[in-house]
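Colleague: Pasting entry.cif here (mmCIF, C-alpha atoms):
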```cif
data_start
#
loop_
_atom_site.group_PDB
_atom_site.id
_atom_site.type_symbol
_atom_site.label_atom_id
_atom_site.label_comp_id
_atom_site.auth_asym_id
_atom_site.auth_seq_id
_atom_site.Cartn_x
_atom_site.Cartn_y
_atom_site.Cartn_z
ATOM 1 C CA MET A 178 -57.728 -3.882 28.219
ATOM 2 C CA SER A 179 -58.831 -6.695 30.371
ATOM 3 C CA GLY A 180 -57.244 -8.565 33.271
ATOM 4 C CA LEU A 181 -55.048 -7.958 36.284
ATOM 5 C CA PRO A 182 -52.299 -5.334 35.812
ATOM 6 C CA ILE A 183 -49.116 -7.326 36.295
ATOM 7 C CA TYR A 184 -46.216 -5.424 34.695
ATOM 8 C CA ARG A 185 -45.204 -2.037 33.300
ATOM 9 C CA THR A 186 -42.152 -1.013 31.313
ATOM 10 C CA ALA A 187 -40.662 1.819 29.316
ATOM 11 C CA ILE A 188 -39.152 0.941 25.924
ATOM 12 C CA GLU A 189 -35.410 0.270 25.698
ATOM 13 C CA PRO A 190 -33.691 1.942 22.714
ATOM 14 C CA GLU A 191 -32.387 -1.384 21.385
ATOM 15 C CA TRP A 192 -35.952 -2.705 21.063
ATOM 16 C CA ILE A 193 -36.599 -0.340 18.108
ATOM 17 C CA ASP A 194 -35.885 -1.814 14.677
ATOM 18 C CA TYR A 195 -35.454 -0.448 11.155
ATOM 19 C CA ASN A 196 -39.223 -0.033 10.868
ATOM 20 C CA GLY A 197 -39.053 2.676 13.556
ATOM 21 C CA HIS A 198 -40.983 0.839 16.262
ATOM 22 C CA VAL A 199 -40.579 -2.031 18.709
ATOM 23 C CA ARG A 200 -39.359 -5.203 16.940
ATOM 24 C CA ASP A 201 -41.821 -8.111 17.114
ATOM 25 C CA ALA A 202 -39.576 -10.212 19.364
ATOM 26 C CA TYR A 203 -39.435 -7.498 22.032
ATOM 27 C CA TYR A 204 -43.193 -7.625 22.491
ATOM 28 C CA GLY A 205 -42.340 -11.200 23.463
ATOM 29 C CA LEU A 206 -39.689 -9.995 25.892
ATOM 30 C CA ILE A 207 -42.230 -7.717 27.571
ATOM 31 C CA VAL A 208 -44.579 -10.711 27.837
ATOM 32 C CA SER A 209 -41.724 -12.782 29.264
ATOM 33 C CA TYR A 210 -40.988 -10.179 31.955
ATOM 34 C CA ALA A 211 -44.718 -9.997 32.722
ATOM 35 C CA VAL A 212 -44.720 -13.770 33.243
ATOM 36 C CA ASP A 213 -41.797 -13.334 35.677
ATOM 37 C CA SER A 214 -43.962 -10.842 37.529
ATOM 38 C CA LEU A 215 -46.852 -13.317 37.509
ATOM 39 C CA MET A 216 -44.501 -15.954 38.940
ATOM 40 C CA ASP A 217 -43.548 -13.610 41.778
ATOM 41 C CA ARG A 218 -47.208 -13.001 42.500
ATOM 42 C CA ILE A 219 -48.240 -16.651 42.751
ATOM 43 C CA GLY A 220 -45.243 -17.721 44.818
ATOM 44 C CA LEU A 221 -42.846 -19.023 42.155
ATOM 45 C CA ASP A 222 -40.316 -16.288 42.927
ATOM 46 C CA ALA A 223 -36.504 -16.482 42.969
ATOM 47 C CA ARG A 224 -36.440 -17.753 46.549
ATOM 48 C CA TYR A 225 -38.901 -20.553 45.738
ATOM 49 C CA ARG A 226 -36.945 -21.476 42.617
ATOM 50 C CA LYS A 227 -33.688 -21.653 44.551
ATOM 51 C CA GLN A 228 -35.101 -23.658 47.446
ATOM 52 C CA SER A 229 -37.140 -26.101 45.361
ATOM 53 C CA GLY A 230 -35.129 -26.438 42.159
ATOM 54 C CA CYS A 231 -38.453 -25.917 40.381
ATOM 55 C CA THR A 232 -39.470 -23.264 37.871
ATOM 56 C CA LEU A 233 -41.873 -22.552 34.996
ATOM 57 C CA TYR A 234 -41.056 -23.367 31.377
ATOM 58 C CA THR A 235 -42.912 -21.698 28.520
ATOM 59 C CA VAL A 236 -43.898 -24.398 26.055
ATOM 60 C CA GLU A 237 -45.996 -22.308 23.700
ATOM 61 C CA MET A 238 -46.549 -18.613 22.929
ATOM 62 C CA HIS A 239 -48.889 -17.043 20.381
ATOM 63 C CA THR A 240 -48.897 -13.293 19.789
ATOM 64 C CA HIS A 241 -51.114 -11.033 17.707
ATOM 65 C CA PHE A 242 -49.379 -7.722 16.913
ATOM 66 C CA LEU A 243 -52.183 -5.151 16.676
ATOM 67 C CA ARG A 244 -50.535 -1.736 17.007
ATOM 68 C CA GLU A 245 -47.082 -0.258 16.725
ATOM 69 C CA VAL A 246 -45.285 0.580 19.972
ATOM 70 C CA GLY A 247 -42.861 3.517 19.805
ATOM 71 C CA ALA A 248 -39.656 4.507 21.564
ATOM 72 C CA LYS A 249 -41.427 6.875 23.947
ATOM 73 C CA ASP A 250 -44.276 4.590 24.935
ATOM 74 C CA THR A 251 -44.820 2.979 28.314
ATOM 75 C CA VAL A 252 -46.434 -0.431 28.064
ATOM 76 C CA GLU A 253 -48.796 -1.921 30.621
ATOM 77 C CA VAL A 254 -49.475 -5.661 30.643
ATOM 78 C CA ARG A 255 -52.590 -7.308 32.041
ATOM 79 C CA VAL A 256 -53.056 -10.997 32.615
ATOM 80 C CA ARG A 257 -55.971 -13.413 32.680
ATOM 81 C CA VAL A 258 -55.694 -17.069 33.700
ATOM 82 C CA LEU A 259 -57.740 -18.992 31.141
ATOM 83 C CA GLY A 260 -57.028 -22.444 32.487
ATOM 84 C CA ALA A 261 -54.920 -24.376 34.942
ATOM 85 C CA ASP A 262 -54.264 -27.928 36.021
ATOM 86 C CA PRO A 263 -51.916 -29.353 38.676
ATOM 87 C CA LYS A 264 -48.833 -28.628 36.532
ATOM 88 C CA ARG A 265 -49.866 -26.082 33.905
ATOM 89 C CA ILE A 266 -51.127 -22.535 33.466
ATOM 90 C CA HIS A 267 -52.772 -21.224 30.296
ATOM 91 C CA ALA A 268 -52.616 -17.437 30.504
ATOM 92 C CA ALA A 269 -53.616 -14.559 28.251
ATOM 93 C CA LEU A 270 -51.665 -11.307 28.321
ATOM 94 C CA GLU A 271 -52.631 -7.991 26.789
ATOM 95 C CA LEU A 272 -50.309 -5.075 26.115
ATOM 96 C CA ALA A 273 -51.359 -1.432 25.806
ATOM 97 C CA CYS A 274 -49.531 1.874 25.763
ATOM 98 C CA ASP A 275 -50.258 4.547 28.352
ATOM 99 C CA GLY A 276 -52.615 7.168 26.972
ATOM 100 C CA ARG A 277 -53.946 5.027 24.137
ATOM 101 C CA GLU A 278 -57.159 3.083 24.165
ATOM 102 C CA GLU A 279 -56.280 0.357 21.669
ATOM 103 C CA THR A 280 -54.670 -2.901 22.690
ATOM 104 C CA ALA A 281 -51.173 -3.118 21.188
ATOM 105 C CA ALA A 282 -50.900 -6.905 21.329
ATOM 106 C CA THR A 283 -52.616 -9.976 22.685
ATOM 107 C CA CYS A 284 -50.662 -13.056 23.645
ATOM 108 C CA GLU A 285 -51.367 -16.496 25.039
ATOM 109 C CA VAL A 286 -48.803 -18.648 26.807
ATOM 110 C CA MET A 287 -48.786 -22.216 28.051
ATOM 111 C CA LEU A 288 -46.566 -22.584 31.121
ATOM 112 C CA VAL A 289 -45.453 -25.836 32.715
ATOM 113 C CA HIS A 290 -44.083 -26.341 36.224
ATOM 114 C CA VAL A 291 -40.886 -28.405 36.161
ATOM 115 C CA ARG A 292 -38.189 -29.644 38.494
ATOM 116 C CA GLN A 293 -34.871 -29.007 36.745
ATOM 117 C CA THR A 294 -32.656 -31.544 38.549
ATOM 118 C CA PRO A 295 -31.455 -34.211 38.157
ATOM 119 C CA THR A 296 -33.262 -34.067 34.816
ATOM 120 C CA VAL A 297 -36.098 -31.753 33.757
ATOM 121 C CA ARG A 298 -39.456 -33.282 34.723
ATOM 122 C CA THR A 299 -42.917 -31.818 35.087
ATOM 123 C CA THR A 300 -44.096 -31.680 38.685
ATOM 124 C CA PRO A 301 -47.257 -30.447 40.462
ATOM 125 C CA PHE A 302 -47.466 -26.940 41.896
ATOM 126 C CA PRO A 303 -47.154 -26.679 45.683
ATOM 127 C CA GLU A 304 -50.551 -26.340 47.389
ATOM 128 C CA GLN A 305 -50.233 -22.622 48.139
ATOM 129 C CA VAL A 306 -49.203 -21.847 44.574
ATOM 130 C CA ALA A 307 -52.104 -23.885 43.185
ATOM 131 C CA ALA A 308 -54.452 -21.921 45.453
ATOM 132 C CA ALA A 309 -53.024 -18.609 44.242
ATOM 133 C CA ILE A 310 -53.421 -19.686 40.611
ATOM 134 C CA ALA A 311 -57.014 -20.798 41.270
ATOM 135 C CA ALA A 312 -57.836 -17.457 42.904
ATOM 136 C CA LEU A 313 -56.379 -15.522 39.991
ATOM 137 C CA ARG A 314 -58.268 -17.721 37.563
ATOM 138 C CA ARG A 315 -61.569 -17.131 39.379
ATOM 139 C CA ALA A 316 -60.925 -13.391 39.286
ATOM 140 C CA THR A 317 -59.977 -13.145 35.616
ATOM 141 C CA GLU A 318 -61.071 -16.067 33.439
ATOM 142 C CA ALA A 319 -64.492 -14.625 32.628
ATOM 143 C CA LEU A 320 -63.214 -11.161 31.713
ATOM 144 C CA PRO A 321 -63.759 -10.301 28.043
ATOM 145 C CA PRO A 322 -60.657 -10.350 25.824
ATOM 146 C CA SER A 323 -59.761 -7.107 24.035
ATOM 147 C CA GLY A 324 -58.238 -8.806 20.998
ATOM 148 C CA PRO A 325 -57.994 -12.080 19.100
ATOM 149 C CA PRO A 326 -57.167 -15.410 20.793
ATOM 150 C CA SER A 327 -54.658 -18.009 19.661
ATOM 151 C CA ARG A 328 -55.648 -19.904 16.555
ATOM 152 C CA ARG A 329 -54.398 -22.165 13.854
ATOM 153 C CA MET A 330 -52.816 -19.764 11.380
ATOM 154 C CA GLU A 331 -53.779 -20.036 7.766
ATOM 155 C CA LEU A 332 -53.941 -17.881 4.705
ATOM 156 C CA ILE A 333 -57.127 -18.257 2.743
ATOM 157 C CA SER A 334 -56.448 -17.471 -0.914
ATOM 158 C CA ARG A 335 -58.433 -14.527 -2.134
ATOM 159 C CA MET B 74 -35.228 -30.118 10.321
ATOM 160 C CA SER B 75 -37.032 -29.152 7.231
ATOM 161 C CA GLY B 76 -36.859 -26.142 4.903
ATOM 162 C CA LEU B 77 -34.335 -23.742 3.411
ATOM 163 C CA PRO B 78 -31.429 -22.782 5.725
ATOM 164 C CA ILE B 79 -31.871 -19.037 6.136
ATOM 165 C CA TYR B 80 -30.023 -17.917 9.277
ATOM 166 C CA ARG B 81 -27.438 -19.018 11.838
ATOM 167 C CA THR B 82 -26.438 -17.465 15.136
ATOM 168 C CA ALA B 83 -24.414 -18.066 18.255
ATOM 169 C CA ILE B 84 -26.123 -17.315 21.587
ATOM 170 C CA GLU B 85 -25.584 -13.912 23.197
ATOM 171 C CA PRO B 86 -24.888 -14.052 26.965
ATOM 172 C CA GLU B 87 -27.847 -11.770 27.769
ATOM 173 C CA TRP B 88 -30.248 -14.256 26.153
ATOM 174 C CA ILE B 89 -29.737 -16.697 29.051
ATOM 175 C CA ASP B 90 -32.224 -16.350 31.910
ATOM 176 C CA TYR B 91 -32.442 -17.567 35.521
ATOM 177 C CA ASN B 92 -33.435 -21.022 34.253
ATOM 178 C CA GLY B 93 -29.947 -21.421 32.769
ATOM 179 C CA HIS B 94 -30.964 -21.440 29.109
ATOM 180 C CA VAL B 95 -32.192 -19.100 26.379
ATOM 181 C CA ARG B 96 -35.228 -17.083 27.553
ATOM 182 C CA ASP B 97 -38.409 -17.763 25.563
ATOM 183 C CA ALA B 98 -38.482 -14.294 24.020
ATOM 184 C CA TYR B 99 -35.009 -14.701 22.514
ATOM 185 C CA TYR B 100 -36.135 -17.687 20.470
ATOM 186 C CA GLY B 101 -38.461 -15.044 19.020
ATOM 187 C CA LEU B 102 -35.538 -12.702 18.397
ATOM 188 C CA ILE B 103 -33.711 -15.441 16.485
ATOM 189 C CA VAL B 104 -36.886 -15.965 14.427
ATOM 190 C CA SER B 105 -37.099 -12.217 13.859
ATOM 191 C CA TYR B 106 -33.514 -12.056 12.563
ATOM 192 C CA ALA B 107 -34.237 -15.077 10.368
ATOM 193 C CA VAL B 108 -37.198 -13.187 8.873
ATOM 194 C CA ASP B 109 -34.841 -10.260 8.153
ATOM 195 C CA SER B 110 -32.640 -12.727 6.320
ATOM 196 C CA LEU B 111 -35.671 -14.029 4.415
ATOM 197 C CA MET B 112 -36.528 -10.426 3.459
ATOM 198 C CA ASP B 113 -33.013 -9.934 2.070
ATOM 199 C CA ARG B 114 -33.389 -13.118 0.054
ATOM 200 C CA ILE B 115 -36.686 -12.214 -1.607
ATOM 201 C CA GLY B 116 -35.728 -8.631 -2.391
ATOM 202 C CA LEU B 117 -37.195 -6.729 0.574
ATOM 203 C CA ASP B 118 -33.739 -5.656 1.737
ATOM 204 C CA ALA B 119 -32.634 -2.351 3.285
ATOM 205 C CA ARG B 120 -32.153 -0.728 -0.120
ATOM 206 C CA TYR B 121 -35.669 -1.706 -1.244
ATOM 207 C CA ARG B 122 -37.144 -0.490 2.035
ATOM 208 C CA LYS B 123 -35.410 2.861 1.725
ATOM 209 C CA GLN B 124 -36.315 3.392 -1.926
ATOM 210 C CA SER B 125 -39.936 2.235 -1.669
ATOM 211 C CA GLY B 126 -40.953 3.210 1.858
ATOM 212 C CA CYS B 127 -42.352 -0.320 2.099
ATOM 213 C CA THR B 128 -41.521 -3.100 4.561
ATOM 214 C CA LEU B 129 -42.921 -6.245 6.204
ATOM 215 C CA TYR B 130 -44.912 -6.161 9.437
ATOM 216 C CA THR B 131 -45.332 -9.284 11.547
ATOM 217 C CA VAL B 132 -48.980 -9.543 12.513
ATOM 218 C CA GLU B 133 -48.907 -12.911 14.222
ATOM 219 C CA MET B 134 -46.298 -15.299 15.657
ATOM 220 C CA HIS B 135 -46.821 -18.705 17.263
ATOM 221 C CA THR B 136 -43.916 -20.602 18.809
ATOM 222 C CA HIS B 137 -43.616 -24.093 20.265
ATOM 223 C CA PHE B 138 -40.613 -24.383 22.592
ATOM 224 C CA LEU B 139 -39.458 -27.990 22.301
ATOM 225 C CA ARG B 140 -35.894 -28.100 23.640
ATOM 226 C CA GLU B 141 -33.662 -25.939 25.789
ATOM 227 C CA VAL B 142 -30.977 -23.937 23.993
ATOM 228 C CA GLY B 143 -27.799 -23.290 25.983
ATOM 229 C CA ALA B 144 -25.154 -20.584 26.090
ATOM 230 C CA LYS B 145 -22.708 -22.521 23.939
ATOM 231 C CA ASP B 146 -25.138 -23.597 21.240
ATOM 232 C CA THR B 147 -25.221 -22.380 17.666
ATOM 233 C CA VAL B 148 -28.717 -22.235 16.246
ATOM 234 C CA GLU B 149 -29.653 -22.836 12.630
ATOM 235 C CA VAL B 150 -33.009 -21.661 11.294
ATOM 236 C CA ARG B 151 -34.805 -23.133 8.300
ATOM 237 C CA VAL B 152 -37.832 -21.675 6.604
ATOM 238 C CA ARG B 153 -40.772 -22.986 4.635
ATOM 239 C CA VAL B 154 -43.332 -20.778 2.888
ATOM 240 C CA LEU B 155 -46.722 -22.310 3.679
ATOM 241 C CA GLY B 156 -48.822 -19.753 1.882
ATOM 242 C CA ALA B 157 -48.720 -16.400 0.159
ATOM 243 C CA ASP B 158 -51.034 -13.924 -1.484
ATOM 244 C CA PRO B 159 -50.331 -10.552 -3.140
ATOM 245 C CA LYS B 160 -49.642 -8.873 0.233
ATOM 246 C CA ARG B 161 -48.957 -11.637 2.744
ATOM 247 C CA ILE B 162 -46.563 -14.470 3.542
ATOM 248 C CA HIS B 163 -47.351 -17.335 5.921
ATOM 249 C CA ALA B 164 -44.015 -18.896 6.856
ATOM 250 C CA ALA B 165 -42.879 -21.685 9.156
ATOM 251 C CA LEU B 166 -39.482 -21.532 10.819
ATOM 252 C CA GLU B 167 -37.659 -24.299 12.624
ATOM 253 C CA LEU B 168 -34.741 -23.891 15.000
ATOM 254 C CA ALA B 169 -32.140 -26.529 15.811
ATOM 255 C CA CYS B 170 -28.768 -26.538 17.527
ATOM 256 C CA ASP B 171 -25.647 -27.679 15.716
ATOM 257 C CA GLY B 172 -24.783 -31.245 16.619
ATOM 258 C CA ARG B 173 -28.230 -32.161 17.913
ATOM 259 C CA GLU B 174 -30.919 -33.964 15.975
ATOM 260 C CA GLU B 175 -34.004 -32.639 17.756
ATOM 261 C CA THR B 176 -35.783 -29.492 16.663
ATOM 262 C CA ALA B 177 -35.480 -26.847 19.410
ATOM 263 C CA ALA B 178 -38.523 -24.832 18.368
ATOM 264 C CA THR B 179 -41.081 -24.496 15.623
ATOM 265 C CA CYS B 180 -42.633 -21.152 14.787
ATOM 266 C CA GLU B 181 -45.166 -19.762 12.344
ATOM 267 C CA VAL B 182 -45.394 -16.133 11.344
ATOM 268 C CA MET B 183 -47.858 -14.120 9.305
ATOM 269 C CA LEU B 184 -46.137 -11.250 7.509
ATOM 270 C CA VAL B 185 -47.835 -8.360 5.721
ATOM 271 C CA HIS B 186 -46.306 -6.008 3.169
ATOM 272 C CA VAL B 187 -47.037 -2.371 4.014
ATOM 273 C CA ARG B 188 -46.196 1.105 2.833
ATOM 274 C CA GLN B 189 -45.346 3.133 5.934
ATOM 275 C CA THR B 190 -45.979 6.665 4.652
ATOM 276 C CA PRO B 191 -48.012 8.809 4.757
ATOM 277 C CA THR B 192 -49.915 6.298 6.901
ATOM 278 C CA VAL B 193 -49.336 2.557 7.234
ATOM 279 C CA ARG B 194 -51.301 0.693 4.525
ATOM 280 C CA THR B 195 -51.031 -2.796 3.130
ATOM 281 C CA THR B 196 -49.762 -2.867 -0.428
ATOM 282 C CA PRO B 197 -48.985 -5.626 -2.979
ATOM 283 C CA PHE B 198 -45.472 -7.038 -3.347
ATOM 284 C CA PRO B 199 -43.532 -5.856 -6.411
ATOM 285 C CA GLU B 200 -43.625 -8.408 -9.220
ATOM 286 C CA GLN B 201 -40.054 -9.652 -8.728
ATOM 287 C CA VAL B 202 -40.603 -10.121 -5.006
ATOM 288 C CA ALA B 203 -43.850 -12.011 -5.615
ATOM 289 C CA ALA B 204 -41.980 -14.271 -8.032
ATOM 290 C CA ALA B 205 -39.241 -14.938 -5.469
ATOM 291 C CA ILE B 206 -41.848 -15.771 -2.809
ATOM 292 C CA ALA B 207 -43.653 -18.099 -5.226
ATOM 293 C CA ALA B 208 -40.400 -19.886 -6.069
ATOM 294 C CA LEU B 209 -39.552 -20.355 -2.406
ATOM 295 C CA ARG B 210 -43.058 -21.604 -1.744
ATOM 296 C CA ARG B 211 -42.849 -24.164 -4.551
ATOM 297 C CA ALA B 212 -39.518 -25.374 -3.170
ATOM 298 C CA THR B 213 -40.582 -25.688 0.462
ATOM 299 C CA GLU B 214 -44.334 -25.851 1.077
ATOM 300 C CA ALA B 215 -44.585 -29.623 0.689
ATOM 301 C CA LEU B 216 -41.631 -30.408 2.970
ATOM 302 C CA PRO B 217 -42.660 -32.259 6.131
ATOM 303 C CA PRO B 218 -42.656 -30.221 9.365
ATOM 304 C CA SER B 219 -40.404 -31.465 12.172
ATOM 305 C CA GLY B 220 -42.657 -30.224 14.980
ATOM 306 C CA PRO B 221 -46.143 -29.017 15.827
ATOM 307 C CA PRO B 222 -47.955 -26.325 13.810
ATOM 308 C CA SER B 223 -49.818 -23.308 15.162
ATOM 309 C CA ARG B 224 -53.076 -24.124 16.884
ATOM 310 C CA ARG B 225 -55.745 -22.760 19.140
ATOM 311 C CA MET B 226 -54.254 -23.209 22.615
ATOM 312 C CA GLU B 227 -56.353 -24.886 25.225
ATOM 313 C CA LEU B 228 -55.901 -26.848 28.375
ATOM 314 C CA ILE B 229 -58.096 -29.902 28.585
ATOM 315 C CA SER B 230 -58.793 -30.665 32.233
ATOM 316 C CA ARG B 231 -57.439 -34.036 33.252
#
```
If you convert what's in this file into structure tokens, what do you get?

Modeller:
Amino acid sequence: MSGLPIYRTAIEPEWIDYNGHVRDAYYGLIVSYAVDSLMDRIGLDARYRKQSGCTLYTVEMHTHFLREVGAKDTVEVRVRVLGADPKRIHAALELACDGREETAATCEVMLVHVRQTPTVRTTPFPEQVAAAIAALRRATEALPPSGPPSRRMELISR
Amino acid sequence: MSGLPIYRTAIEPEWIDYNGHVRDAYYGLIVSYAVDSLMDRIGLDARYRKQSGCTLYTVEMHTHFLREVGAKDTVEVRVRVLGADPKRIHAALELACDGREETAATCEVMLVHVRQTPTVRTTPFPEQVAAAIAALRRATEALPPSGPPSRRMELISR
């Protein structure tokens, strides 16, 4: 796994589906919580959101499901910042289970900074937040991925 | 919206996050339930899964979040089959809220048919299931999408 450790979680019983392992959508929930943790780290925490009326919206998410995650697993998430501009973050997240080498999932998200009132509009990050994002990008963008990146999906007939 | 109506749901209170609307991951849960409904329709239902030991695994999911979904919305999901081979389905799902024209999200999934025991292995669809997939593909693959397709994510510096 590659990137900054940003979030850890045990598996909730209701995340297990009829296939006997974590349902696809709950990999997404783990990613979503990891993004919350990333927001805390770069200064977009609950206090900032309340004071500013600003927050992050996810506009795009692409996940590759590589390994099953079971009821007794603990998942660690690492993050890399692949790109950023004054209003957006392009981040890669990787999930792995404690005690297992293989990456369980790779995910990319595109996040946009918005002001929610009076109507939702994109708005630049505050200076300190932009600096924190830039520092995290410098520290992680060149790290090698441990799984496939986002792509245009297609099924080549065989 | 475009495609075969396959699933409808109200919004559960726990799907709403601190931004005041449905959390990104729960769009994925709605998609996941819609895929369950698709499985029932093409003959991969609970009875088949129990008798055969076979099921579908999601190997990839790409979502574009286009509109907020609120606590009082009811979401309808439509599906198009974009491609299929003896073991795989490439499907597009679109989400929209009752009473609103705009598509709330578009999603693509890649689904693989597997036998889970003794170890997980891909395996061809039964003939009747393959026929049902082919029929659904013929009926939907040429329908126009109402939002963006999957793509390689990137952030062009501006």

Colleague: Excluding Ala119 (chain B) and its own-chain neighbours fewer than 5 positions away, which residues fall within 12 Å of it when counting all atoms listed in the file? Please give them as an MDAnalysis selection string.

Modeller: (chainID A and resid 194:196) or (chainID B and resid 109:110 112:114 124:129)

Colleague: Of the candidates B:Glu133, B:Asp146, B:Asp118, B:Glu175, which one gets nearest to Ile89 (chain B) if we count all atoms listed in the file?

Modeller: B:Asp146

Colleague: On this structure, the PyMOL selection byres ((chain B) within 8 of (chain A)) would catch which residues? List them as a PDB file with C-alpha atoms, in the frame of the given file, sorted by chain and number.

Modeller:
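Full text of expr16.pdb as output:
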```pdb
ATOM      1  CA  ASN B  92     -33.435 -21.022  34.253  1.00  0.00           C
ATOM      2  CA  ARG B  96     -35.228 -17.083  27.553  1.00  0.00           C
ATOM      3  CA  ASP B  97     -38.409 -17.763  25.563  1.00  0.00           C
ATOM      4  CA  ALA B  98     -38.482 -14.294  24.020  1.00  0.00           C
ATOM      5  CA  TYR B  99     -35.009 -14.701  22.514  1.00  0.00           C
ATOM      6  CA  GLY B 101     -38.461 -15.044  19.020  1.00  0.00           C
ATOM      7  CA  LEU B 102     -35.538 -12.702  18.397  1.00  0.00           C
ATOM      8  CA  SER B 105     -37.099 -12.217  13.859  1.00  0.00           C
ATOM      9  CA  THR B 128     -41.521  -3.100   4.561  1.00  0.00           C
ATOM     10  CA  THR B 131     -45.332  -9.284  11.547  1.00  0.00           C
ATOM     11  CA  VAL B 132     -48.980  -9.543  12.513  1.00  0.00           C
ATOM     12  CA  GLU B 133     -48.907 -12.911  14.222  1.00  0.00           C
ATOM     13  CA  MET B 134     -46.298 -15.299  15.657  1.00  0.00           C
ATOM     14  CA  HIS B 135     -46.821 -18.705  17.263  1.00  0.00           C
ATOM     15  CA  THR B 136     -43.916 -20.602  18.809  1.00  0.00           C
ATOM     16  CA  HIS B 137     -43.616 -24.093  20.265  1.00  0.00           C
ATOM     17  CA  PHE B 138     -40.613 -24.383  22.592  1.00  0.00           C
ATOM     18  CA  LEU B 139     -39.458 -27.990  22.301  1.00  0.00           C
ATOM     19  CA  GLY B 156     -48.822 -19.753   1.882  1.00  0.00           C
ATOM     20  CA  ALA B 157     -48.720 -16.400   0.159  1.00  0.00           C
ATOM     21  CA  ASP B 158     -51.034 -13.924  -1.484  1.00  0.00           C
ATOM     22  CA  HIS B 163     -47.351 -17.335   5.921  1.00  0.00           C
ATOM     23  CA  GLU B 181     -45.166 -19.762  12.344  1.00  0.00           C
ATOM     24  CA  MET B 183     -47.858 -14.120   9.305  1.00  0.00           C
ATOM     25  CA  PRO B 222     -47.955 -26.325  13.810  1.00  0.00           C
ATOM     26  CA  SER B 223     -49.818 -23.308  15.162  1.00  0.00           C
ATOM     27  CA  ARG B 224     -53.076 -24.124  16.884  1.00  0.00           C
ATOM     28  CA  ARG B 225     -55.745 -22.760  19.140  1.00  0.00           C
ATOM     29  CA  MET B 226     -54.254 -23.209  22.615  1.00  0.00           C
ATOM     30  CA  GLU B 227     -56.353 -24.886  25.225  1.00  0.00           C
ATOM     31  CA  LEU B 228     -55.901 -26.848  28.375  1.00  0.00           C
ATOM     32  CA  SER B 230     -58.793 -30.665  32.233  1.00  0.00           C
ATOM     33  CA  ARG B 231     -57.439 -34.036  33.252  1.00  0.00           C
TER      34      ARG B 231
END
```

Colleague: In Å, with one decimal, what is the gap from CA of Met74 (chain B) to CA of Ser219 (chain B)?

Modeller: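 Atom-to-atom, CA of Met74 (chain B) to CA of Ser219 (chain B), that is 5.7 Å.
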
Colleague: The PyMOL selection byres ((chain A and resi 256) around 8) - which residues does that actually catch in the file I just gave you? List them as a list in words.

Modeller: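 Checked against the file, the PyMOL selection byres ((chain A and resi 256) around 8) matches Ser179, Gly180, Leu181, Pro182, Ile183, Val254, Arg255, Arg257, Val258, Ala268, Ala269, Leu270, Glu271 and Thr317 of chain A.
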
Colleague: What does the distance from CA of Ala281 (chain A) to CA of Trp88 (chain B) come to in Å, to one decimal?

Modeller: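 If I compute the distance from CA of Ala281 (chain A) to CA of Trp88 (chain B), I get 24.2 Å.
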
Colleague: What gap, in Å, lies between CA of Val142 (chain B) and CA of Cys170 (chain B)?

Modeller: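 These two atoms are separated by 7.3 Å.
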
Colleague: Using all atoms of region 116-121 of chain B listed in the file and a margin of 3 Å per side, can you give the axis-aligned box centre and edge lengths in Å to one decimal, as lines of an AutoDock Vina configuration file?

Modeller:
```
center_x = -34.7
center_y = -4.7
center_z = 0.4
size_x = 11.0
size_y = 13.9
size_z = 11.7
```

Colleague: Point out the residue among A:Leu221, A:Thr280, A:Ala312, A:Leu215 with the least atom-to-atom distance to Gly324 (chain A), counting all atoms listed in the file.

Modeller: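 Going through A:Leu221, A:Thr280, A:Ala312, A:Leu215 one by one, the smallest distance to Gly324 (chain A) is for A:Thr280.
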
Colleague: Convert the output of the PyMOL selection byres ((chain B and resi 196) around 7) on the shown file into explicit residues, formatted as a VMD selection string.

Modeller: chain B and resid 160 186 to 188 194 to 195 197 to 198

Colleague: Here is a test: counting all atoms listed in the file, which residue of A:Ala309, A:Ala211, A:Val297, A:Val289 is nearest to Leu272 (chain A)?

Modeller: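 Among the listed residues, A:Ala211 lies closest to Leu272 (chain A).
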